[in-house]
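Structure file structure_37.txt (compact mmCIF, C-alpha atoms) follows.
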# COMPACT_ATOMS: atom_id res chain seq x y z
CA MET A 18 20.10 14.47 -1.16
CA LYS A 19 21.39 13.53 -4.61
CA THR A 20 19.82 10.26 -5.66
CA HIS A 21 20.61 9.92 -9.35
CA THR A 22 23.38 10.81 -11.74
CA PRO A 23 22.66 11.60 -15.40
CA VAL A 24 25.06 9.81 -17.73
CA SER A 25 25.41 9.93 -21.49
CA PRO A 26 22.23 9.92 -23.65
CA ASP A 27 20.93 6.59 -24.82
CA ARG A 28 22.50 5.58 -28.14
CA GLY A 29 20.78 2.24 -28.27
CA THR A 30 20.98 -1.03 -26.39
CA THR A 31 24.50 -2.29 -25.80
CA PRO A 32 25.77 -5.48 -24.19
CA SER A 33 26.74 -3.45 -21.10
CA GLU A 34 23.19 -2.08 -20.66
CA PRO A 35 22.50 -1.89 -16.90
CA PHE A 36 19.74 -3.99 -15.35
CA GLU A 37 16.42 -2.18 -15.65
CA VAL A 38 13.59 -3.61 -13.55
CA HIS A 39 10.96 -2.02 -15.78
CA ASP A 40 12.12 -4.12 -18.74
CA LEU A 41 11.04 -7.38 -17.04
CA PRO A 42 8.32 -9.25 -18.93
CA PRO A 43 4.98 -8.86 -17.06
CA GLU A 44 4.79 -12.61 -16.33
CA GLU A 45 8.23 -12.52 -14.69
CA PHE A 46 7.30 -9.44 -12.67
CA TYR A 47 4.09 -11.05 -11.36
CA GLU A 48 5.88 -14.32 -10.58
CA GLN A 49 8.55 -12.42 -8.66
CA VAL A 50 6.34 -10.13 -6.56
CA HIS A 51 3.84 -12.81 -5.57
CA SER A 52 6.54 -15.17 -4.30
CA PHE A 53 7.46 -16.03 -0.73
CA GLU A 54 11.09 -15.45 -1.78
CA PHE A 55 10.31 -11.82 -2.68
CA TRP A 56 8.37 -11.33 0.57
CA PHE A 57 11.20 -12.80 2.65
CA HIS A 58 13.91 -10.53 1.21
CA ALA A 59 11.60 -7.51 1.33
CA VAL A 60 10.69 -7.80 5.01
CA GLN A 61 14.27 -8.65 5.97
CA GLY A 62 15.18 -5.14 4.81
CA TYR A 63 12.97 -3.38 7.34
CA LEU A 64 12.21 -5.94 10.05
CA GLY A 65 15.51 -7.80 10.35
CA ASP A 66 16.71 -5.80 13.36
CA LYS A 67 13.34 -5.09 15.00
CA VAL A 68 11.90 -6.53 18.20
CA TYR A 69 8.09 -6.72 18.23
CA GLY A 70 8.13 -4.48 15.16
CA ALA A 71 10.19 -1.62 16.63
CA ASP A 72 13.81 -0.58 17.02
CA PRO A 73 14.93 -2.09 20.37
CA LYS A 74 16.86 1.12 21.14
CA ILE A 75 13.60 3.10 21.40
CA GLN A 76 12.31 3.15 24.96
CA ALA A 77 8.57 3.06 25.69
CA PRO A 78 7.78 6.67 26.68
CA GLU A 79 5.67 7.73 29.65
CA LEU A 80 2.46 9.28 28.31
CA PRO A 81 -0.02 11.62 30.03
CA ASP A 82 -3.09 9.67 31.24
CA LEU A 83 -5.46 11.02 28.57
CA ASP A 84 -3.02 10.33 25.73
CA ARG A 85 -2.36 6.84 27.06
CA ASP A 86 -6.07 6.08 27.29
CA ARG A 87 -6.71 7.31 23.74
CA LEU A 88 -3.78 5.30 22.39
CA ILE A 89 -5.12 2.17 24.10
CA THR A 90 -8.53 2.65 22.41
CA VAL A 91 -6.91 3.20 19.02
CA LEU A 92 -4.62 0.17 19.37
CA CYS A 93 -7.57 -2.00 20.46
CA ASN A 94 -9.33 -1.09 17.22
CA TYR A 95 -6.18 -1.75 15.20
CA CYS A 96 -6.24 -5.23 16.77
CA VAL A 97 -9.83 -5.75 15.58
CA GLY A 98 -8.87 -4.72 12.03
CA GLU A 99 -5.78 -6.94 12.01
CA THR A 100 -7.74 -9.92 13.38
CA ALA A 101 -10.34 -9.41 10.63
CA ALA A 102 -7.60 -9.37 7.98
CA LEU A 103 -5.81 -12.37 9.56
CA GLU A 104 -8.95 -14.49 9.57
CA GLY A 105 -10.06 -13.16 6.20
CA ALA A 106 -6.75 -13.71 4.39
CA SER A 107 -6.32 -17.22 5.78
CA GLY A 108 -9.87 -18.13 4.69
CA LEU A 109 -9.31 -16.72 1.22
CA ILE A 110 -6.36 -19.03 0.47
CA GLY A 111 -8.79 -21.91 -0.06
CA ILE A 112 -10.79 -20.06 -2.73
CA ALA A 113 -7.95 -18.09 -4.39
CA PRO A 114 -8.16 -18.71 -8.15
CA ASN A 115 -4.48 -19.49 -8.79
CA ARG A 116 -1.16 -20.41 -7.19
CA GLN A 117 0.26 -16.86 -7.21
CA ALA A 118 -2.74 -15.54 -5.29
CA LYS A 119 -2.55 -18.42 -2.79
CA ILE A 120 1.15 -17.85 -2.12
CA PHE A 121 0.69 -14.09 -1.86
CA LEU A 122 -2.17 -14.55 0.62
CA SER A 123 0.00 -16.86 2.70
CA THR A 124 2.50 -14.01 3.06
CA GLN A 125 -0.34 -11.66 3.95
CA VAL A 126 -1.48 -14.06 6.69
CA VAL A 127 2.02 -13.90 8.19
CA ASP A 128 1.98 -10.08 7.99
CA GLU A 129 -1.43 -9.81 9.65
CA GLY A 130 -0.46 -12.22 12.44
CA ARG A 131 2.65 -10.12 13.05
CA HIS A 132 0.62 -6.88 13.13
CA LEU A 133 -1.80 -8.31 15.69
CA GLU A 134 1.10 -9.51 17.83
CA VAL A 135 2.97 -6.18 17.81
CA PHE A 136 -0.16 -4.15 18.60
CA LEU A 137 -0.98 -6.48 21.53
CA HIS A 138 2.61 -6.14 22.71
CA ARG A 139 2.38 -2.33 22.53
CA LEU A 140 -0.78 -2.53 24.68
CA ARG A 141 1.15 -4.54 27.29
CA LEU A 142 3.91 -1.91 27.30
CA LEU A 143 1.18 0.67 28.01
CA GLY A 144 0.33 -1.29 31.17
CA VAL A 145 -2.71 -3.17 29.85
CA ALA A 146 -2.66 -6.45 31.78
CA ASP A 147 -5.21 -8.27 29.61
CA PRO A 148 -4.92 -6.80 26.08
CA GLU A 149 -7.37 -9.22 24.47
CA GLY A 150 -10.02 -8.47 27.11
CA GLU A 151 -9.37 -4.76 26.59
CA VAL A 152 -9.85 -5.16 22.82
CA GLU A 153 -13.26 -6.72 23.45
CA ARG A 154 -14.24 -3.89 25.80
CA ARG A 155 -13.11 -1.03 23.54
CA ALA A 156 -13.78 -2.35 20.02
CA SER A 157 -15.69 -0.02 17.72
CA ARG A 158 -19.17 -1.33 16.89
CA SER A 159 -18.79 -0.26 13.24
CA LEU A 160 -15.52 -2.12 12.90
CA LEU A 161 -16.96 -5.28 14.49
CA LEU A 162 -19.87 -5.15 12.03
CA PHE A 163 -17.40 -4.71 9.19
CA LYS A 164 -15.40 -7.70 10.40
CA ARG A 165 -18.51 -9.86 10.64
CA ARG A 166 -19.58 -8.93 7.08
CA LEU A 167 -16.08 -9.55 5.69
CA LEU A 168 -15.95 -13.02 7.20
CA GLU A 169 -19.43 -13.77 5.81
CA LEU A 170 -18.16 -12.89 2.33
CA VAL A 171 -15.14 -15.17 2.86
CA SER A 172 -17.20 -18.10 4.16
CA GLY A 173 -19.64 -17.55 1.26
CA LYS A 174 -16.64 -18.07 -1.09
CA ASP A 175 -17.33 -14.72 -2.77
CA TRP A 176 -13.75 -14.11 -3.98
CA GLU A 177 -14.16 -10.71 -5.64
CA ALA A 178 -16.37 -9.22 -2.93
CA ALA A 179 -14.16 -10.54 -0.12
CA ILE A 180 -10.93 -9.30 -1.73
CA PHE A 181 -12.60 -5.94 -2.31
CA ALA A 182 -13.77 -5.69 1.31
CA GLN A 183 -10.46 -6.85 2.74
CA ASN A 184 -7.63 -5.74 0.44
CA VAL A 185 -9.18 -2.61 -1.00
CA ILE A 186 -11.54 -1.24 1.67
CA LEU A 187 -10.01 -2.45 4.96
CA GLU A 188 -6.38 -2.21 3.86
CA SER A 189 -6.89 1.28 2.40
CA LEU A 190 -8.43 2.37 5.68
CA GLU A 191 -5.50 0.96 7.64
CA PHE A 192 -2.92 2.38 5.21
CA THR A 193 -4.47 5.85 5.53
CA VAL A 194 -4.94 5.80 9.30
CA PHE A 195 -1.55 4.28 10.16
CA GLN A 196 0.33 6.84 8.06
CA SER A 197 -1.58 9.70 9.63
CA HIS A 198 -1.12 8.31 13.14
CA ALA A 199 2.62 7.73 12.59
CA ARG A 200 3.14 11.44 11.90
CA GLU A 201 1.95 12.40 15.41
CA ALA A 202 2.69 9.25 17.43
CA ASP A 203 5.26 8.73 20.20
CA PRO A 204 8.59 7.38 18.81
CA LEU A 205 7.94 3.74 19.69
CA THR A 206 4.41 3.63 18.24
CA ARG A 207 5.62 5.55 15.19
CA ASP A 208 8.40 3.06 14.44
CA LEU A 209 6.01 0.16 14.80
CA LEU A 210 3.38 1.79 12.55
CA LEU A 211 5.89 2.63 9.82
CA GLY A 212 6.86 -1.05 9.60
CA VAL A 213 3.21 -2.05 9.34
CA VAL A 214 2.59 0.53 6.57
CA LYS A 215 5.38 -1.08 4.52
CA ASP A 216 3.50 -4.39 4.68
CA GLU A 217 0.21 -2.69 3.84
CA ARG A 218 1.60 -1.43 0.52
CA ARG A 219 1.71 -5.01 -0.74
CA HIS A 220 -1.78 -5.78 0.53
CA ILE A 221 -3.50 -2.78 -1.08
CA GLY A 222 -1.60 -3.32 -4.33
CA PHE A 223 -2.57 -6.98 -4.49
CA GLY A 224 -6.26 -6.20 -3.97
CA GLU A 225 -6.47 -3.35 -6.45
CA ASN A 226 -4.53 -5.17 -9.17
CA GLU A 227 -6.34 -8.48 -8.72
CA LEU A 228 -9.73 -6.77 -9.00
CA GLY A 229 -8.60 -4.45 -11.79
CA ARG A 230 -7.60 -7.45 -13.91
CA ARG A 231 -10.85 -9.26 -13.13
CA LEU A 232 -12.97 -6.23 -13.97
CA GLN A 233 -11.36 -6.05 -17.40
CA THR A 234 -12.39 -9.57 -18.29
CA ALA A 235 -15.68 -9.64 -16.35
CA PRO A 236 -17.05 -6.07 -16.16
CA HIS A 237 -20.38 -7.33 -14.77
CA ILE A 238 -18.58 -7.81 -11.42
CA ARG A 239 -18.47 -4.01 -11.06
CA ALA A 240 -22.17 -3.81 -10.12
CA ARG A 241 -21.70 -6.43 -7.40
CA LEU A 242 -18.64 -4.63 -6.00
CA GLY A 243 -20.54 -1.33 -6.08
CA GLN A 244 -23.22 -2.97 -3.94
CA VAL A 245 -20.61 -4.24 -1.45
CA LYS A 246 -19.03 -0.79 -1.32
CA ARG A 247 -22.37 0.91 -0.60
CA GLU A 248 -23.03 -1.65 2.13
CA LEU A 249 -19.64 -1.27 3.83
CA ASP A 250 -18.74 2.39 3.17
CA HIS A 251 -20.60 3.84 6.13
CA LEU A 252 -19.05 1.29 8.51
CA VAL A 253 -15.57 2.15 7.27
CA LEU A 254 -16.14 5.90 7.23
CA ASP A 255 -17.62 5.74 10.76
CA THR A 256 -14.58 3.78 11.93
CA LEU A 257 -12.25 6.26 10.24
CA GLU A 258 -14.04 9.19 11.88
CA GLU A 259 -13.98 7.56 15.34
CA THR A 260 -10.29 6.68 15.10
CA LEU A 261 -9.23 10.08 13.78
CA LEU A 262 -11.16 11.82 16.56
CA GLU A 263 -9.27 9.69 19.11
CA LEU A 264 -6.04 10.71 17.36
CA GLY A 265 -7.00 14.38 17.59
CA ALA A 266 -7.17 14.99 13.81
CA ASP A 267 -8.98 18.20 12.85
CA ALA A 268 -11.95 18.34 10.44
CA GLY A 269 -9.76 19.24 7.45
CA GLU A 270 -7.41 16.33 8.06
CA ARG A 271 -10.35 13.94 8.55
CA GLU A 272 -11.88 15.02 5.24
CA LYS A 273 -8.53 14.67 3.44
CA LEU A 274 -8.01 11.16 4.82
CA GLY A 275 -11.58 10.20 3.93
CA ARG A 276 -10.84 11.16 0.31
CA ALA A 277 -7.56 9.21 0.37
CA TYR A 278 -9.44 6.13 1.51
CA LEU A 279 -11.88 6.43 -1.42
CA GLU A 280 -9.13 6.84 -4.08
CA ALA A 281 -8.52 3.13 -4.66
CA ALA A 282 -12.20 2.38 -5.18
CA ALA A 283 -12.42 5.31 -7.61
CA ARG A 284 -9.47 3.96 -9.67
CA LEU A 285 -11.45 0.73 -10.05
CA GLY A 286 -14.42 2.73 -11.36
CA LEU A 287 -16.32 2.37 -8.09
CA GLY A 288 -16.45 6.03 -7.19
CA ALA A 289 -20.19 6.48 -6.77
CA MET B 24 -12.67 14.12 -21.47
CA THR B 25 -10.33 11.83 -23.37
CA ASP B 26 -8.71 9.10 -21.35
CA PRO B 27 -4.94 9.75 -21.55
CA LEU B 28 -4.41 6.00 -21.83
CA GLU B 29 -6.40 6.02 -25.08
CA GLN B 30 -4.93 9.21 -26.53
CA GLU B 31 -2.67 8.98 -29.52
CA THR B 32 0.90 9.68 -28.53
CA VAL B 33 2.00 13.06 -29.82
CA THR B 34 5.76 13.21 -30.07
CA THR B 35 7.14 16.56 -29.01
CA GLU B 36 10.53 17.89 -30.03
CA ALA B 37 11.89 17.08 -26.58
CA GLU B 38 10.62 13.54 -26.86
CA SER B 39 12.28 12.94 -30.23
CA ARG B 40 15.72 13.57 -28.68
CA PRO B 41 17.73 10.61 -27.37
CA ARG B 42 16.74 9.75 -23.86
CA GLN B 43 18.86 10.91 -20.98
CA ARG B 44 20.35 7.99 -19.02
CA PHE B 45 20.73 7.83 -15.24
CA GLU B 46 23.00 5.89 -12.97
CA LEU B 47 20.84 5.02 -9.99
CA GLU B 48 22.22 5.20 -6.48
CA ASP B 49 20.87 3.61 -3.31
CA THR B 50 18.34 5.88 -1.61
CA GLY B 51 17.87 3.86 1.57
CA PHE B 52 14.60 2.38 0.33
CA ASP B 53 14.26 -0.95 2.13
CA GLU B 54 10.88 -2.40 1.14
CA VAL B 55 11.99 -4.63 -1.74
CA PRO B 56 14.85 -7.15 -2.08
CA PRO B 57 18.30 -5.47 -2.32
CA ARG B 58 18.67 -5.99 -6.08
CA PHE B 59 15.61 -3.80 -6.78
CA ARG B 60 16.01 -1.11 -4.11
CA LYS B 61 17.68 1.56 -6.26
CA PHE B 62 14.58 1.67 -8.48
CA TYR B 63 12.46 3.18 -5.70
CA ARG B 64 12.60 5.94 -3.13
CA ARG B 65 10.30 7.62 -0.63
CA TRP B 66 8.58 10.90 -1.48
CA ARG B 67 10.22 13.44 0.81
CA GLY B 68 7.28 15.85 1.13
CA PRO B 69 6.26 19.22 -0.30
CA GLY B 70 9.84 20.35 -1.03
CA ASP B 71 10.61 17.23 -3.04
CA GLN B 72 10.79 17.19 -6.85
CA LEU B 73 10.63 14.42 -9.39
CA ALA B 74 13.59 13.96 -11.73
CA PRO B 75 12.98 13.19 -15.45
CA ASN B 76 13.45 9.48 -14.69
CA GLU B 77 10.93 9.40 -11.81
CA VAL B 78 7.18 9.10 -11.39
CA ILE B 79 4.94 8.57 -8.33
CA CYS B 80 2.95 5.37 -7.92
CA PRO B 81 -0.71 6.40 -7.52
CA VAL B 82 -1.46 3.27 -5.47
CA CYS B 83 1.17 3.40 -2.73
CA LYS B 84 2.81 6.84 -3.30
CA VAL B 85 6.37 5.51 -3.60
CA VAL B 86 8.62 7.23 -6.18
CA ILE B 87 9.48 4.85 -9.05
CA ARG B 88 12.84 5.40 -10.75
CA SER B 89 14.28 4.26 -14.06
CA THR B 90 17.75 4.22 -15.58
CA ARG B 91 16.17 6.12 -18.50
CA GLU B 92 14.35 9.41 -18.79
CA LEU B 93 10.63 8.56 -18.71
CA ARG B 94 8.21 9.52 -21.47
CA PRO B 95 4.47 9.11 -22.05
CA GLY B 96 3.66 5.54 -23.03
CA ASP B 97 6.49 3.97 -20.99
CA ARG B 98 5.59 1.04 -18.78
CA VAL B 99 7.02 0.87 -15.27
CA TYR B 100 6.57 -1.44 -12.29
CA CYS B 101 5.94 -0.54 -8.67
CA MET B 102 7.36 -3.53 -6.81
CA PRO B 103 6.44 -2.32 -3.29
CA CYS B 104 2.73 -2.56 -4.20
CA MET B 105 3.05 -4.98 -7.15
CA SER B 106 1.48 -2.61 -9.71
CA ARG B 107 2.10 -2.29 -13.45
CA LEU B 108 1.85 1.30 -14.54
CA ILE B 109 1.85 3.35 -17.71
CA VAL B 110 3.39 6.83 -17.86
CA VAL B 111 1.07 9.57 -19.14
CA ARG B 112 1.28 13.36 -19.34
CA GLY B 113 -1.15 14.86 -16.82
CA GLU B 114 -3.33 17.91 -17.35
CA ASP B 115 -0.70 20.08 -15.66
CA GLY B 116 1.94 18.90 -18.17
CA ARG B 117 3.81 16.73 -15.67
CA LEU B 118 4.38 13.01 -16.03
CA GLU B 119 2.04 10.78 -14.04
CA ALA B 120 1.57 7.05 -13.75
CA ARG B 121 -1.73 5.25 -14.28
CA VAL B 122 -2.38 1.69 -13.19
CA ALA B 123 -2.46 -0.79 -16.10
CA TYR B 124 -4.43 -3.72 -14.75

I'd like the structure from this file rewritten - as structure tokens, please.
Amino acid sequence: MKTHTPVSPDRGTTPSEPFEVHDLPPEEFYEQVHSFEFWFHAVQGYLGDKVYGADPKIQAPELPDLDRDRLITVLCNYCVGETAALEGASGLIGIAPNRQAKIFLSTQVVDEGRHLEVFLHRLRLLGVADPEGEVERRASRSLLLFKRRLLELVSGKDWEAAIFAQNVILESLEFTVFQSHAREADPLTRDLLLGVVKDERRHIGFGENELGRRLQTAPHIRARLGQVKRELDHLVLDTLEETLLELGADAGEREKLGRAYLEAAARLGLGA
Amino acid sequence: MTDPLEQETVTTEAESRPRQRFELEDTGFDEVPPRFRKFYRRWRGPGDQLAPNEVICPVCKVVIRSTRELRPGDRVYCMPCMSRLIVVRGEDGRLEARVAY
């Protein structure tokens, strides 16, 4: 598919210069992308015609019993992750250091609430009569421990550690797993996951950029974040391993996705 | 190893030529408000190639596009993940983007 057309070489700025997003002053860029207005027009593009996160023309497929059971377990754990992020993001609004972060987090709360709702709805379509009870029965122990620790960091008003746990660690895990799952999922689950991944891009970007800026002005925070990472890594990697086994990923794919999860932390200088 | 972000910019012959300009067309990317959509596209997999005005966001893996040919030292924005990036030449000679916090 042709996506761009070369035109004449640049001979200097002219009054008819086309709009170039990359020329925006940084302050204007940050103001724009952290706004509810930006969020609203962004999600309208990919959710405007969806019903419970999926194209209403896609029928819920009949799945073999084993596949259905595995999908229920996976979705139950997605619900745990989304509940953790919903409760975490809403708690973080109160301690966010500035207006842009507060408004961004309010959009993240809406996203996380939507994710929880669509995953619970998918469970109902799979014939689960009491999805919330099923989530309690099937939740991964590692993920529940992660959730408990995240909410402790939030209630302890530890902004950097909580943003790291939630928007870097948890969101990177979800971003990695959802993309992998979408490649092999039934059409309805795939459509739903692809919409969630689009939201997750904002969440991982917010976390990495917020912490990256803070680490530049307060490098001593790095040691604290390294400690949080060492504490939470095994819980996240155990959860990743459990989920990918349920999804039928082979050892090579599991290793590749484990590395992808660690990339964001490495960019922040938290590789060890 | 020298951090490419701290390296002095060496201007090659190709980079001293006027920049090629590009008229961007809609690629179906729907994750940002309509006014900004033409500046981004999805990576289409192993057979895909980056044009001289494109670079991949290392954070969210979306392809970032500019109306100008990109060169080392250029600053670009990834709106889908809200990142500010700087274009560098990678070890394999291709253009890459690094996050500028």

Need to verify the contact set: Ile221 in chain A, 7 Å, only C-alpha atoms, exclusion of same-chain residues closer than 2 positions in sequence. Can you return it as an mmCIF file with C-alpha atoms, in the frame of the given file?
data_model
loop_
_atom_site.group_PDB
_atom_site.id
_atom_site.type_symbol
_atom_site.label_atom_id
_atom_site.label_comp_id
_atom_site.auth_asym_id
_atom_site.auth_seq_id
_atom_site.Cartn_x
_atom_site.Cartn_y
_atom_site.Cartn_z
ATOM 1 C CA ASN A 184 -7.630 -5.740 0.440
ATOM 2 C CA VAL A 185 -9.180 -2.610 -1.000
ATOM 3 C CA GLU A 188 -6.380 -2.210 3.860
ATOM 4 C CA SER A 189 -6.890 1.280 2.400
ATOM 5 C CA GLU A 217 0.210 -2.690 3.840
ATOM 6 C CA ARG A 218 1.600 -1.430 0.520
ATOM 7 C CA ARG A 219 1.710 -5.010 -0.740
ATOM 8 C CA PHE A 223 -2.570 -6.980 -4.490
ATOM 9 C CA GLY A 224 -6.260 -6.200 -3.970
ATOM 10 C CA GLU A 225 -6.470 -3.350 -6.450
ATOM 11 C CA CYS B 104 2.730 -2.560 -4.200
#

query = Which neighbours of Leu257 in chain A fall inside 8 Å, counting all atoms listed in the file, when residues of the same chain fewer than 2 positions from it are skipped, and could you give them as JSON, numbers by chain?
reply = {"A": [190, 194, 253, 254, 255, 259, 260, 261, 275]}

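Counting only C-alpha atoms, Leu211 in chain A has the following residues at most 12 Å away, ignoring those fewer than 6 positions along the same chain: Tyr63, Leu64, Lys67, Gly70, Ala71, Asp72, His132, Glu191, Phe192, Thr193, Val194, Phe195, Gln196, Ser197, His198, Ala199, Arg200, Glu201, Ala202, Pro204, Leu205, Glu217 and Arg218 of chain A; Asp53 and Glu54 of chain B.
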
Using only C-alpha atoms, I'd like a table of the residues in chain B that come within 8 Å of chain A; for each, show the closest atom pair and its distance in Å rounded to one decimal, ordered by chain and ascending number, as JSON lines.
{"residue": "B:Pro41", "atom": "CA", "partner": "A:Asp27", "partner_atom": "CA", "distance": 5.7}
{"residue": "B:Arg42", "atom": "CA", "partner": "A:Asp27", "partner_atom": "CA", "distance": 5.3}
{"residue": "B:Gln43", "atom": "CA", "partner": "A:Pro26", "partner_atom": "CA", "distance": 4.4}
{"residue": "B:Arg44", "atom": "CA", "partner": "A:Val24", "partner_atom": "CA", "distance": 5.2}
{"residue": "B:Phe45", "atom": "CA", "partner": "A:Pro23", "partner_atom": "CA", "distance": 4.2}
{"residue": "B:Glu46", "atom": "CA", "partner": "A:Thr22", "partner_atom": "CA", "distance": 5.1}
{"residue": "B:Leu47", "atom": "CA", "partner": "A:His21", "partner_atom": "CA", "distance": 4.9}
{"residue": "B:Glu48", "atom": "CA", "partner": "A:Thr20", "partner_atom": "CA", "distance": 5.7}
{"residue": "B:Asp49", "atom": "CA", "partner": "A:Thr20", "partner_atom": "CA", "distance": 7.1}
{"residue": "B:Thr50", "atom": "CA", "partner": "A:Thr20", "partner_atom": "CA", "distance": 6.1}
{"residue": "B:Asp53", "atom": "CA", "partner": "A:Gly62", "partner_atom": "CA", "distance": 5.1}
{"residue": "B:Glu54", "atom": "CA", "partner": "A:Ala59", "partner_atom": "CA", "distance": 5.2}
{"residue": "B:Val55", "atom": "CA", "partner": "A:Ala59", "partner_atom": "CA", "distance": 4.2}
{"residue": "B:Pro56", "atom": "CA", "partner": "A:Ala59", "partner_atom": "CA", "distance": 4.7}
{"residue": "B:Pro57", "atom": "CA", "partner": "A:His58", "partner_atom": "CA", "distance": 7.6}
{"residue": "B:Phe59", "atom": "CA", "partner": "A:Val38", "partner_atom": "CA", "distance": 7.1}
{"residue": "B:Phe62", "atom": "CA", "partner": "A:Val38", "partner_atom": "CA", "distance": 7.4}
{"residue": "B:Val82", "atom": "CA", "partner": "A:Gly222", "partner_atom": "CA", "distance": 6.7}
{"residue": "B:Cys83", "atom": "CA", "partner": "A:Arg218", "partner_atom": "CA", "distance": 5.8}
{"residue": "B:Ser89", "atom": "CA", "partner": "A:Glu37", "partner_atom": "CA", "distance": 7.0}
{"residue": "B:Thr90", "atom": "CA", "partner": "A:Glu37", "partner_atom": "CA", "distance": 6.5}
{"residue": "B:Arg91", "atom": "CA", "partner": "A:Asp27", "partner_atom": "CA", "distance": 7.9}
{"residue": "B:Arg98", "atom": "CA", "partner": "A:His39", "partner_atom": "CA", "distance": 6.9}
{"residue": "B:Val99", "atom": "CA", "partner": "A:His39", "partner_atom": "CA", "distance": 4.9}
{"residue": "B:Tyr100", "atom": "CA", "partner": "A:His39", "partner_atom": "CA", "distance": 5.6}
{"residue": "B:Met102", "atom": "CA", "partner": "A:Val50", "partner_atom": "CA", "distance": 6.7}
{"residue": "B:Pro103", "atom": "CA", "partner": "A:Arg219", "partner_atom": "CA", "distance": 6.0}
{"residue": "B:Cys104", "atom": "CA", "partner": "A:Arg219", "partner_atom": "CA", "distance": 4.4}
{"residue": "B:Met105", "atom": "CA", "partner": "A:Gly222", "partner_atom": "CA", "distance": 5.7}
{"residue": "B:Ser106", "atom": "CA", "partner": "A:Gly222", "partner_atom": "CA", "distance": 6.2}
{"residue": "B:Tyr124", "atom": "CA", "partner": "A:Arg230", "partner_atom": "CA", "distance": 5.0}

Write a file of the selected residues as a CSV table (one decimal), in the coordinates of the input, keeping C-alpha atoms.
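What landed in part-v9.csv:
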chain,number,residue,atom,x,y,z
B,41,PRO,CA,17.7,10.6,-27.4
B,42,ARG,CA,16.7,9.8,-23.9
B,43,GLN,CA,18.9,10.9,-21.0
B,44,ARG,CA,20.4,8.0,-19.0
B,45,PHE,CA,20.7,7.8,-15.2
B,46,GLU,CA,23.0,5.9,-13.0
B,47,LEU,CA,20.8,5.0,-10.0
B,48,GLU,CA,22.2,5.2,-6.5
B,49,ASP,CA,20.9,3.6,-3.3
B,50,THR,CA,18.3,5.9,-1.6
B,53,ASP,CA,14.3,-1.0,2.1
B,54,GLU,CA,10.9,-2.4,1.1
B,55,VAL,CA,12.0,-4.6,-1.7
B,56,PRO,CA,14.8,-7.2,-2.1
B,57,PRO,CA,18.3,-5.5,-2.3
B,59,PHE,CA,15.6,-3.8,-6.8
B,62,PHE,CA,14.6,1.7,-8.5
B,82,VAL,CA,-1.5,3.3,-5.5
B,83,CYS,CA,1.2,3.4,-2.7
B,89,SER,CA,14.3,4.3,-14.1
B,90,THR,CA,17.8,4.2,-15.6
B,91,ARG,CA,16.2,6.1,-18.5
B,98,ARG,CA,5.6,1.0,-18.8
B,99,VAL,CA,7.0,0.9,-15.3
B,100,TYR,CA,6.6,-1.4,-12.3
B,102,MET,CA,7.4,-3.5,-6.8
B,103,PRO,CA,6.4,-2.3,-3.3
B,104,CYS,CA,2.7,-2.6,-4.2
B,105,MET,CA,3.0,-5.0,-7.2
B,106,SER,CA,1.5,-2.6,-9.7
B,124,TYR,CA,-4.4,-3.7,-14.8

request  = Considering only C-alpha atoms, return as a ChimeraX atom specification whatever protein or nucleic-acid residues lie within 8 Å of range 87-103 of chain A, sequence-local ones (same chain, fewer than 5 positions apart) excluded.
outcome  = /A:125-126,129-130,132-133,136-137,140,143,148,151-153,155-157,160-161,164,167-168,183,187,191,260,263-264

request  = Counting all atoms listed in the file, figure out which residue out of B:Leu108, B:Leu118, B:Val85, B:Leu93 gets nearest to Gly68 in chain B.
outcome  = B:Val85

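Straight-line separation from CA of Glu79 in chain A to CA of Thr206 in chain A: 12.2 Å.
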
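Of note, CA of Ala282 in chain A and CA of Ser172 in chain A are spaced 23.1 Å apart.
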
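For the set A:Leu142, A:Ala106, A:Leu162, A:Val68, the residue with the smallest atom-to-atom gap to Lys119 in chain A is A:Ala106, counting all atoms listed in the file.
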
query = Can you tell me how far CA of Phe121 in chain A sits from CA of Ser52 in chain A, in Å to one decimal?
reply = 6.4 Å

key: Residues near Leu287 in chain A, cut-off 8 Å, all atoms listed in the file, skip fewer than 3 positions along chain, as a ChimeraX atom specification   = /A:239,242-243,246,282-284

Save the residues we just selected, C-alpha atoms, as a JSON list (two decimals), in the coordinates of the input?
[["chain", "number", "residue", "atom", "x", "y", "z"],
["A", 239, "ARG", "CA", -18.47, -4.01, -11.06],
["A", 242, "LEU", "CA", -18.64, -4.63, -6.00],
["A", 243, "GLY", "CA", -20.54, -1.33, -6.08],
["A", 246, "LYS", "CA", -19.03, -0.79, -1.32],
["A", 282, "ALA", "CA", -12.20, 2.38, -5.18],
["A", 283, "ALA", "CA", -12.42, 5.31, -7.61],
["A", 284, "ARG", "CA", -9.47, 3.96, -9.67]]
